[in-house]
Each structure stands twice: as structure tokens, then as C-alpha cells.
There are 2 protein chains.
Amino acid sequence: MYNSEFNKSKCRIVVDAMGGDFAPQNAVVGAVNAADEKQNFELFLVGRKKEIQSVLSSANLSFNEDNIIEADEVIGMDEQPTAALKLKKNSSIVVGTSLVRDNKADAFVSAGNTGAVMAASTLIIGRIPGVGRPTIGQAMPNETGISTLFDVGASVDSKPRHLLEYAIMGTIFTKEIYGINNPKVGILSVGEEDTKGNEVSLEAAALIRKTNLNFVGNVEGRDILKGTVHVVVCDGFVGNIIIKFGESVLDFLKFKFKEYAGKGFFNKLKIGLVRNSLKSILKDFDYQEYGGVPLLGINGISIIGHGSSTPKAIRNMVLRAAEMYEKNLVSKITNSIKQYSSLT
Amino acid sequence: MYNSEFNKSKCRIVVDAMGGDFAPQNAVVGAVNAADEKQNFELFLVGRKKEIQSVLSSANLSFNEDNIIEADEVIGMDEQPTAALKLKKNSSIVVGTSLVRDNKADAFVSAGNTGAVMAASTLIIGRIPGVGRPTIGQAMPNETGISTLFDVGASVDSKPRHLLEYAIMGTIFTKEIYGINNPKVGILSVGEEDTKGNEVSLEAAALIRKTNLNFVGNVEGRDILKGTVHVVVCDGFVGNIIIKFGESVLDFLKFKFKEYAGKGFFNKLKIGLVRNSLKSILKDFDYQEYGGVPLLGINGISIIGHGSSTPKAIRNMVLRAAEMYEKNLVSKITNSIKQYSSLT
């Protein structure tokens, strides 16, 4: 069922088997599940061959041994990223991203040390010409579908030209992956009026206005979940704080429901009656559902997942990588960045 | 029942009767309700006397006519703040804040044009010596009580020394108003490690570390609702986006519950059964409950409310002003800013 024949039209995806809090278990199971489900890509697993094979056999999964790439070092979740990359040349992260750089693979997927995956993707795979700062986006639910937020933590202290790059890359991603034609772009600010903002957001808005992106100007914090625009652009410092705050809202709600249920039999009964309904409603807030997030602006595909990624999250990340490849995201971003090179 | 006798030990509170989307109705009713409830302050209403009296009589409220201060101009909710202050010298906002400046009142409470109230409070009442930027804080619910977030929009592009000021003022406010002894202070950042942050947050953390505030270092977006610290310090650009995002989570949840209930009779029945429970659980997210927010760092008390403030919100704002006066917030802030004057 699995085709390891070289096939250039198929996306070659390398999954970091050693990445994540539950590696190699979740990474291997999730990746192989994705490959069993869809045949539009060729899967490689990088990491400690013995440990990978042990997971495969205990989970009763079949996988072509030739597609397991040995990398005997592991970068820990808490290691200092750049130091670890220098020290551990034979780590799954360095080996995996090197395969993409050397055009032996098209995509790298990892739930490992976020900083190390980001640094390796940027330094080893390399940036698209003209991109100052690669960016990570996050899909957010809204009343009618999905909005994306760029950047959510790849870069802090972004300059106005970097926010322009996020707008360009975010537009292409949102159009291609979520099928939204000519997505509306807004810049996150403290008021709708053009005069509201901080120095960087005001200068960035002036730059984005010079493009033919579908730019509507400023949006506010409340517009993210309202879905006022399809692409929300902000500095990674702000975006990172928002998504972590958003995740904690879910935890806080769960806590409140539990607290309420604990206040007496009748309360417990009522919450019990709607437990499944609540779960289905709150699911939209569970960003894990979306799997990992792509690092855009590098010369290849790299998807970065939560350390706590489940097999399902890994599966979603792998399928997302294949989709990005099929839709030529990297070359589309390259062309669009080139188009606006006089502005950045 | 109402005592208009001059009494220096009582806080003299001026309420902007013309402020807010539902003025003078909500402002007048909320303020008089507060005065009927507690006698630890003297209430003044500033605005168009005739309109105020009409609300009083139609709501069947008794109020000492001498405590109604005529101000026949009204600054609209959407007027450009500084221009409006210059043009409308006889507006309720200019007249009210001037009373505080002239020591004829101790506190100003308004649900009017936020920018105009902030500008009037800063320019007319004036800043405490040594304060570069006054700040607005917001109480946020957490699993064990309340945390406060400073700044939530008074200032963008804050310098490190301004974040230090927010930490000092936020500590005093949180201690005095929420009764938290030696409140823990954190600076909002993108990671817990001391090395994580943007230029301003890193420099600010270094400054705050030099104080004897109970500073724990960096906190992340998820820590706000977790209650990891009692005072969360950030630039107003970030804080404003967070609280507006937070408010929208409530709206989004209401939307999702409604959507779910609309998907069939059984769903509707289930949501109907728990409607009141849901309301009581979501109440914690309703920031309106807390009334308005004080502008700290000015030489007097000024409480700023949402334009959509209900009578209850106005009542809460008035009682908060009286409490701030009783607890000598302004002189405590003045002393603490002085203590750290070598750092700012």
C-alpha cells in the first residue's frame, strides 16, 4: 500500500519522529496514519531507527524500512535552540531540515523544540529571497469560518516592512489553504480609525496600503473572533500573547463548569446533561484541532506542532504539509514577495 | 437622606451626567442609586440641569438641586478628544475635571468619550509629579479571584520606564482595592525565561527588578486567567487588544450556544435547561460587571466607563471612586513614585 518509489510529483514529507513530549509514539503513529489515509505524499521518518521500529511493531503498523532515516541525537524540549543545533548535528531536527535544503525532501514536520525547529528551518532550509522575517500563522475560529493571525511568535520587534511581509504571506496562505478568494486583510490596532495605532502599526498600514492586497486598515482585538477580516496582521509579541490568552480561556471555562458542577447535585446533573453539547461547542476553541502551524517565508515547507501534539495533531500537520506542496505555496509566496520588493 | 453639607472627610464625587450612549438616563440613575446606597461620599452631577432634572423626576429620584452643576455643552462620543476639549470649555467633561483640579471635588466619573475623559483628566487635573504616563487598569477574573492588567490602552509605545510606573501604580491599586497584600507582579512576554521578550519588555523587567515590588519576572498570555500573578504589566497597545479580544470571547460563546440551540429541538431543550447556569458561569467574563476603570497617575481620581454603561456600571464606578478616596490611593501612588524616582 505504501509507495517508496521516487516520484517527483509527490510531496516528500520528513516527520521528526523524536519531536514532542510523547515522541516517538505520537509522531510515528500520527504520521503513518496520515500516510495510510492519503497517498498523495511520500512519508519519511527521521530519528532513532530502533525506537521508531519498536513503535511501529507495537502499534502493528507497516512502514517501508527504507524510509526511516537514522538520526541518533535528540534535541530536548527545553534546550537552548541555537546552541543545540550547533552541538547536535545528527539530531532529527538538523538531519530533517537538511534533507529539505538538499532537495531530498519537500517538507519537514515536527512537534519538537519550537525554537530549534524554527531556527533550523530558517537557517538550514533558508529564507525566500526578500523575506526579512519568516512568520508563523494561527487559524482562529469565527462566526462564519476561520481567520488567520500572522505573526504569532516567530518574531518580536517586527519592523513595518516585516508586517507587510506577514500580510503578503498570510494572504497567500489563507487564500490557498482556506479557499478564501481575495482575503480581507486588517492590521491589529487599538482603534478602527487610521490615526490609531503604535508607531510600527501606523507605518506598516501605510506600506500595506500601497499594495493591491485587499487591505481594510485597522482592526481591533474583538475583530479576531468576529471574523471582520480573513487575515489579521500583528507583531509576533502581540500575536503570541493573544493565542496563549485564547487557549487559556478554554481552560478557564472548563474550570468554571467544573466548579459550577461541584456546587451541588442539581448543578452536577445539569452540566452532566449538556456535557457533550458543551464539548462540541468548545471544540472550536481547541487550537490543537488544527494541528501545527506552518513557518512561512522559508524556502520549503516546515510545520511546527505543540510539544503535546496527539497522533491526530501530527496527522493533521502531515496532511497540511502535503496540501501546501500541492498548492505550490512556496513558489506563490516567492513571486508575491518579489512583486512587492520595492516596498520591503 | 442626602447630606450636601460641606464635609472635607467625605469624598466629593462629580458624575458626568452627559457621558455615555444612554446619557443622561443611565448616568443619573446609577449615580443617585449609589448615593442612596452609601453615604460615605457627596455626589454632584454635572451637565444640562434641565435634562438631569427631567431624568430625576421621571425616575422618581430625590436629589439636592444645589449639587447639580450646570454645563451646557456636550462632547460627543466620536469627537476628536483634544479638539473637543479646546472648543467646548463648558462641556460636562471640562467642567467636571476642572472641579477636581480646583480642589472643589475629589473624583470625576464619566462614561463619556474615553479619549476626551482621559485627555481632560491628564491635562486639566494633571499628572502626579514623576509620572510620565498615566495608566488604565482592568480587572480580569481568574481561578482564585482577580488579577489586574496595566496598561489597557491609556498609552501605546510605552518606554521601559513607563512599564515600571504601571508596575508601581498597579501594585498599589491591587493591594488597596482588592486587599491583596504584597501582590505578585509579572511582565507580559512571550516566554517565562528572562531572556524572552521584546526590547521594551526586557529593559522594563531589568528596571522593575531593581525595586522591592514583588516581581516574579515574565508571564505569558495564558497566565492572565490562570492568576499566576496579581498584577500583569504590559504596553497599552497589547493590553487594549487583549481586553477587547477577551470581551469578544464572551460574544463568540453566546453566538455558539445560540447556533447550537438552533440546530434542533433537543439541542434547544438542553441549552434551555442550563441557560441560567451558563449565564452565571459566563458572568465572570462580563467585564461590565466591574464598572469602569480608573486612570491612575493623575493628581486626583478619575474613573472612565464604557459608553454603553448601565446604571449598575455607573453605580459601581461611583462606589469605586469613593473607595479610592477613602484608601488614599492618590497620595500612596505619589509616595511610591517618589521612592523610585531615581529609576524612572
# chains A, B, ... in the order shown; residues from 1 in each chain; ligands from 1
>>> residues_around(residues="segment 125-136 of chain A", least_positions_apart="6", cutoff="6 Å", atoms="only C-alpha atoms", output="list in words")
Arg101, Asp151, Val152, Ala154, Pro294, Leu295, Leu296, Gly297, Ile298 and Asn299 of chain A
>>> write_last_selection(atoms="N, CA and C atoms", output="compact mmCIF listing (two decimals), in the first residue's frame")
# COMPACT_ATOMS: atom_id res chain seq x y z
N ARG A 101 16.68 21.22 2.63
CA ARG A 101 17.66 22.12 1.99
C ARG A 101 18.29 21.46 0.76
N ASP A 151 1.81 37.64 12.80
CA ASP A 151 2.63 36.56 13.25
C ASP A 151 2.22 36.18 14.67
N VAL A 152 2.38 34.91 15.04
CA VAL A 152 2.02 34.54 16.40
C VAL A 152 3.24 34.09 17.20
N ALA A 154 6.91 34.01 15.72
CA ALA A 154 8.20 33.77 15.10
C ALA A 154 9.14 34.96 15.35
N PRO A 294 2.39 26.38 10.11
CA PRO A 294 3.49 26.42 9.16
C PRO A 294 4.37 27.64 9.39
N LEU A 295 5.66 27.47 9.14
CA LEU A 295 6.57 28.62 9.14
C LEU A 295 6.65 29.08 7.69
N LEU A 296 6.08 30.25 7.42
CA LEU A 296 6.07 30.75 6.05
C LEU A 296 7.24 31.70 5.82
N GLY A 297 7.75 31.73 4.58
CA GLY A 297 8.84 32.64 4.25
C GLY A 297 10.15 31.91 4.12
N ILE A 298 10.13 30.59 4.38
CA ILE A 298 11.35 29.81 4.17
C ILE A 298 11.23 29.08 2.83
N ASN A 299 12.38 28.63 2.35
CA ASN A 299 12.48 28.06 1.01
C ASN A 299 12.09 26.59 0.98
>>> interface_residues(of="chain A", to="chain B", cutoff="8 Å", atoms="only C-alpha atoms", output="ChimeraX atom specification")
/A:142-143,153,156-157,188-190,197-199,220-226,237-238,240-249,252,255-257,260,267,270-271,273-274,277,281
>>> residues_around(residues="segment 326-341 of chain A", least_positions_apart="2", cutoff="9 Å", atoms="only C-alpha atoms", output="ChimeraX atom specification")
/A:9-11,40,128-131,165,168-169,172-173,176-177,211,296-301,321-324,343-344
>>> select_by_dssp(residues="segment 69-154 of chain A", states="strand (DSSP E)", output="VMD selection string")
chain A and resid 69 to 70 107 to 110 135 to 141 146 to 150
>>> select_by_dssp(residues="segment 37-279 of chain A", states="helix (DSSP H, G or I)", output="compact mmCIF listing (two decimals) with C-alpha atoms, in the first residue's frame")
# COMPACT_ATOMS: atom_id res chain seq x y z
CA GLU A 37 -5.20 7.65 4.75
CA LYS A 49 15.58 3.77 13.91
CA LYS A 50 15.28 1.23 16.71
CA GLU A 51 12.83 3.32 18.71
CA ILE A 52 10.80 4.05 15.60
CA GLN A 53 10.62 0.38 14.68
CA SER A 54 9.59 -0.52 18.19
CA VAL A 55 6.64 1.89 17.99
CA LEU A 56 5.69 0.57 14.55
CA SER A 57 5.66 -3.02 15.69
CA SER A 58 3.86 -2.44 18.97
CA GLU A 65 12.10 0.47 6.36
CA ASP A 66 14.00 2.35 3.62
CA ASN A 67 12.02 5.45 4.53
CA PRO A 81 17.81 26.29 20.33
CA THR A 82 20.87 27.71 18.55
CA ALA A 83 23.35 26.04 20.87
CA ALA A 84 21.57 22.69 20.45
CA LEU A 85 21.62 22.99 16.65
CA LYS A 86 25.37 23.56 16.70
CA LEU A 87 26.09 20.74 19.12
CA SER A 92 16.41 14.58 13.91
CA ILE A 93 15.78 18.33 13.53
CA VAL A 94 19.11 19.09 11.82
CA VAL A 95 19.00 15.96 9.66
CA GLY A 96 15.38 16.51 8.68
CA THR A 97 15.71 20.17 7.71
CA SER A 98 18.97 19.39 5.85
CA LEU A 99 17.04 16.94 3.65
CA VAL A 100 14.71 19.79 2.64
CA ARG A 101 17.66 22.12 1.99
CA THR A 114 9.78 25.01 18.79
CA GLY A 115 12.72 27.39 18.88
CA ALA A 116 15.06 24.76 17.46
CA VAL A 117 12.66 23.81 14.65
CA MET A 118 12.16 27.48 13.79
CA ALA A 119 15.88 28.22 13.85
CA ALA A 120 16.77 25.12 11.82
CA SER A 121 14.06 25.87 9.27
CA THR A 122 15.25 29.45 8.88
CA LEU A 123 19.00 28.80 8.97
CA ILE A 124 19.27 25.39 7.31
CA ILE A 125 16.39 25.43 4.80
CA PRO A 160 6.86 47.83 9.42
CA ARG A 161 8.32 46.01 6.39
CA HIS A 162 8.03 42.72 8.28
CA LEU A 163 4.34 43.33 8.93
CA LEU A 164 3.96 43.93 5.19
CA GLU A 165 5.63 40.56 4.58
CA TYR A 166 3.20 38.89 7.02
CA ALA A 167 0.31 40.48 5.12
CA ILE A 168 1.62 39.15 1.80
CA MET A 169 2.36 35.65 3.08
CA GLY A 170 -0.82 35.50 5.18
CA THR A 171 -2.93 36.44 2.16
CA ILE A 172 -1.49 33.65 0.04
CA PHE A 173 -1.78 31.06 2.82
CA THR A 174 -5.36 32.00 3.65
CA LYS A 175 -6.41 32.03 0.02
CA GLU A 176 -4.79 28.72 -0.90
CA ILE A 177 -5.41 26.73 2.27
CA TYR A 178 -8.83 28.06 3.31
CA GLU A 199 4.47 53.71 15.51
CA VAL A 200 5.09 50.36 13.84
CA SER A 201 1.44 49.58 13.07
CA LEU A 202 0.86 53.03 11.58
CA GLU A 203 3.91 52.81 9.31
CA ALA A 204 3.04 49.24 8.34
CA ALA A 205 -0.51 50.24 7.43
CA ALA A 206 0.87 52.94 5.15
CA LEU A 207 3.07 50.34 3.43
CA ILE A 208 0.32 47.72 3.03
CA ASP A 223 -12.49 41.62 15.38
CA ILE A 224 -10.41 38.43 15.51
CA LEU A 225 -13.30 36.19 16.62
CA LYS A 226 -15.88 38.30 14.84
CA GLY A 236 4.71 38.27 16.98
CA PHE A 237 4.90 39.62 20.52
CA VAL A 238 1.22 40.60 20.38
CA GLY A 239 0.11 37.55 18.39
CA ASN A 240 1.83 35.11 20.72
CA ILE A 241 0.24 36.68 23.79
CA ILE A 242 -3.21 36.60 22.15
CA ILE A 243 -3.12 32.94 21.17
CA LYS A 244 -1.86 31.87 24.59
CA PHE A 245 -4.54 34.01 26.22
CA GLY A 246 -7.12 32.46 23.88
CA GLU A 247 -6.04 28.93 24.80
CA SER A 248 -6.33 29.77 28.48
CA VAL A 249 -9.92 30.95 28.00
CA LEU A 250 -10.80 27.35 27.16
CA ASP A 251 -9.07 26.07 30.29
CA PHE A 252 -10.74 28.74 32.39
CA LEU A 253 -14.18 27.82 31.05
CA LYS A 254 -13.59 24.16 31.79
CA PHE A 255 -12.58 25.15 35.29
CA LYS A 256 -15.71 27.27 35.74
CA PHE A 257 -18.01 24.49 34.52
CA LYS A 258 -16.33 22.04 36.88
CA GLU A 259 -16.59 24.48 39.76
CA TYR A 260 -20.26 25.03 38.99
CA ALA A 261 -20.94 21.30 38.80
CA PHE A 265 -26.21 17.69 42.96
CA PHE A 266 -28.62 19.65 40.77
CA ASN A 267 -25.81 21.64 39.19
CA LYS A 268 -23.89 18.46 38.51
CA LEU A 269 -26.94 16.93 36.89
CA LYS A 270 -27.47 19.94 34.64
CA ILE A 271 -23.85 20.10 33.49
CA GLY A 272 -23.90 16.31 33.01
CA LEU A 273 -26.89 16.64 30.69
CA VAL A 274 -25.08 19.06 28.42
CA ARG A 275 -21.53 17.74 28.76
CA ASN A 276 -21.32 16.54 25.19
CA SER A 277 -23.00 19.65 23.82
CA LEU A 278 -20.52 21.82 25.71
CA LYS A 279 -17.64 19.78 24.37
>>> closest_residue(among="B:Ser342, B:Ser110, B:Thr148, B:Ser308", to="Ile187 of chain B", atoms="only C-alpha atoms")
B:Thr148
>>> closest_residue(among="B:Phe44, B:Tyr325, B:Phe215, B:Phe150", to="Ala27 of chain B", atoms="only C-alpha atoms")
B:Phe44
>>> atom_distance(atom1="atom CA of Val29 of chain B", atom2="atom CA of Pro311 of chain B")
5.9 Å
>>> residues_around(residues="Glu73 of chain B", least_positions_apart="6", cutoff="8 Å", atoms="only C-alpha atoms", output="PyMOL selection string")
chain B and resi 47-48+88-92
>>> atom_distance(atom1="atom CA of Met18 of chain B", atom2="atom CA of Asn33 of chain B")
16.7 Å
>>> closest_residue(among="A:Glu42, A:Leu149, A:Asp106, A:Ile303", to="Val231 of chain A", atoms="only C-alpha atoms")
A:Leu149
>>> decode(residues="segment 65-80 of chain A", atoms="N, CA and C atoms", output="mmCIF file, in the first residue's frame")
data_model
loop_
_atom_site.group_PDB
_atom_site.id
_atom_site.type_symbol
_atom_site.label_atom_id
_atom_site.label_comp_id
_atom_site.auth_asym_id
_atom_site.auth_seq_id
_atom_site.Cartn_x
_atom_site.Cartn_y
_atom_site.Cartn_z
ATOM 1 N N GLU A 65 10.903 0.224 5.546
ATOM 2 C CA GLU A 65 12.101 0.469 6.355
ATOM 3 C C GLU A 65 13.064 1.452 5.689
ATOM 4 N N ASP A 66 13.098 1.433 4.354
ATOM 5 C CA ASP A 66 13.996 2.346 3.624
ATOM 6 C C ASP A 66 13.662 3.805 3.884
ATOM 7 N N ASN A 67 12.437 4.073 4.299
ATOM 8 C CA ASN A 67 12.023 5.453 4.527
ATOM 9 C C ASN A 67 12.246 5.913 5.969
ATOM 10 N N ILE A 68 12.933 5.084 6.749
ATOM 11 C CA ILE A 68 13.323 5.511 8.093
ATOM 12 C C ILE A 68 14.766 6.008 8.006
ATOM 13 N N ILE A 69 14.952 7.268 8.351
ATOM 14 C CA ILE A 69 16.285 7.868 8.252
ATOM 15 C C ILE A 69 16.890 7.995 9.647
ATOM 16 N N GLU A 70 18.034 7.370 9.812
ATOM 17 C CA GLU A 70 18.663 7.346 11.131
ATOM 18 C C GLU A 70 19.179 8.736 11.524
ATOM 19 N N ALA A 71 18.863 9.158 12.738
ATOM 20 C CA ALA A 71 19.436 10.364 13.338
ATOM 21 C C ALA A 71 19.476 10.064 14.824
ATOM 22 N N ASP A 72 20.668 9.840 15.360
ATOM 23 C CA ASP A 72 20.722 9.265 16.707
ATOM 24 C C ASP A 72 20.691 10.298 17.834
ATOM 25 N N GLU A 73 20.756 11.592 17.468
ATOM 26 C CA GLU A 73 20.698 12.601 18.536
ATOM 27 C C GLU A 73 19.301 13.205 18.644
ATOM 28 N N VAL A 74 18.975 13.639 19.851
ATOM 29 C CA VAL A 74 17.654 14.249 20.089
ATOM 30 C C VAL A 74 17.856 15.597 20.776
ATOM 31 N N ILE A 75 17.245 16.634 20.231
ATOM 32 C CA ILE A 75 17.269 17.942 20.893
ATOM 33 C C ILE A 75 16.102 17.989 21.870
ATOM 34 N N GLY A 76 16.424 18.188 23.151
ATOM 35 C CA GLY A 76 15.393 18.190 24.191
ATOM 36 C C GLY A 76 14.466 19.388 24.053
ATOM 37 N N MET A 77 13.266 19.271 24.648
ATOM 38 C CA MET A 77 12.255 20.309 24.509
ATOM 39 C C MET A 77 12.702 21.625 25.157
ATOM 40 N N ASP A 78 13.594 21.551 26.130
ATOM 41 C CA ASP A 78 13.979 22.765 26.845
ATOM 42 C C ASP A 78 15.393 23.239 26.522
ATOM 43 N N GLU A 79 16.041 22.598 25.547
ATOM 44 C CA GLU A 79 17.402 23.031 25.217
ATOM 45 C C GLU A 79 17.411 24.391 24.528
ATOM 46 N N GLN A 80 18.502 25.134 24.729
ATOM 47 C CA GLN A 80 18.649 26.427 24.069
ATOM 48 C C GLN A 80 18.820 26.153 22.569
#
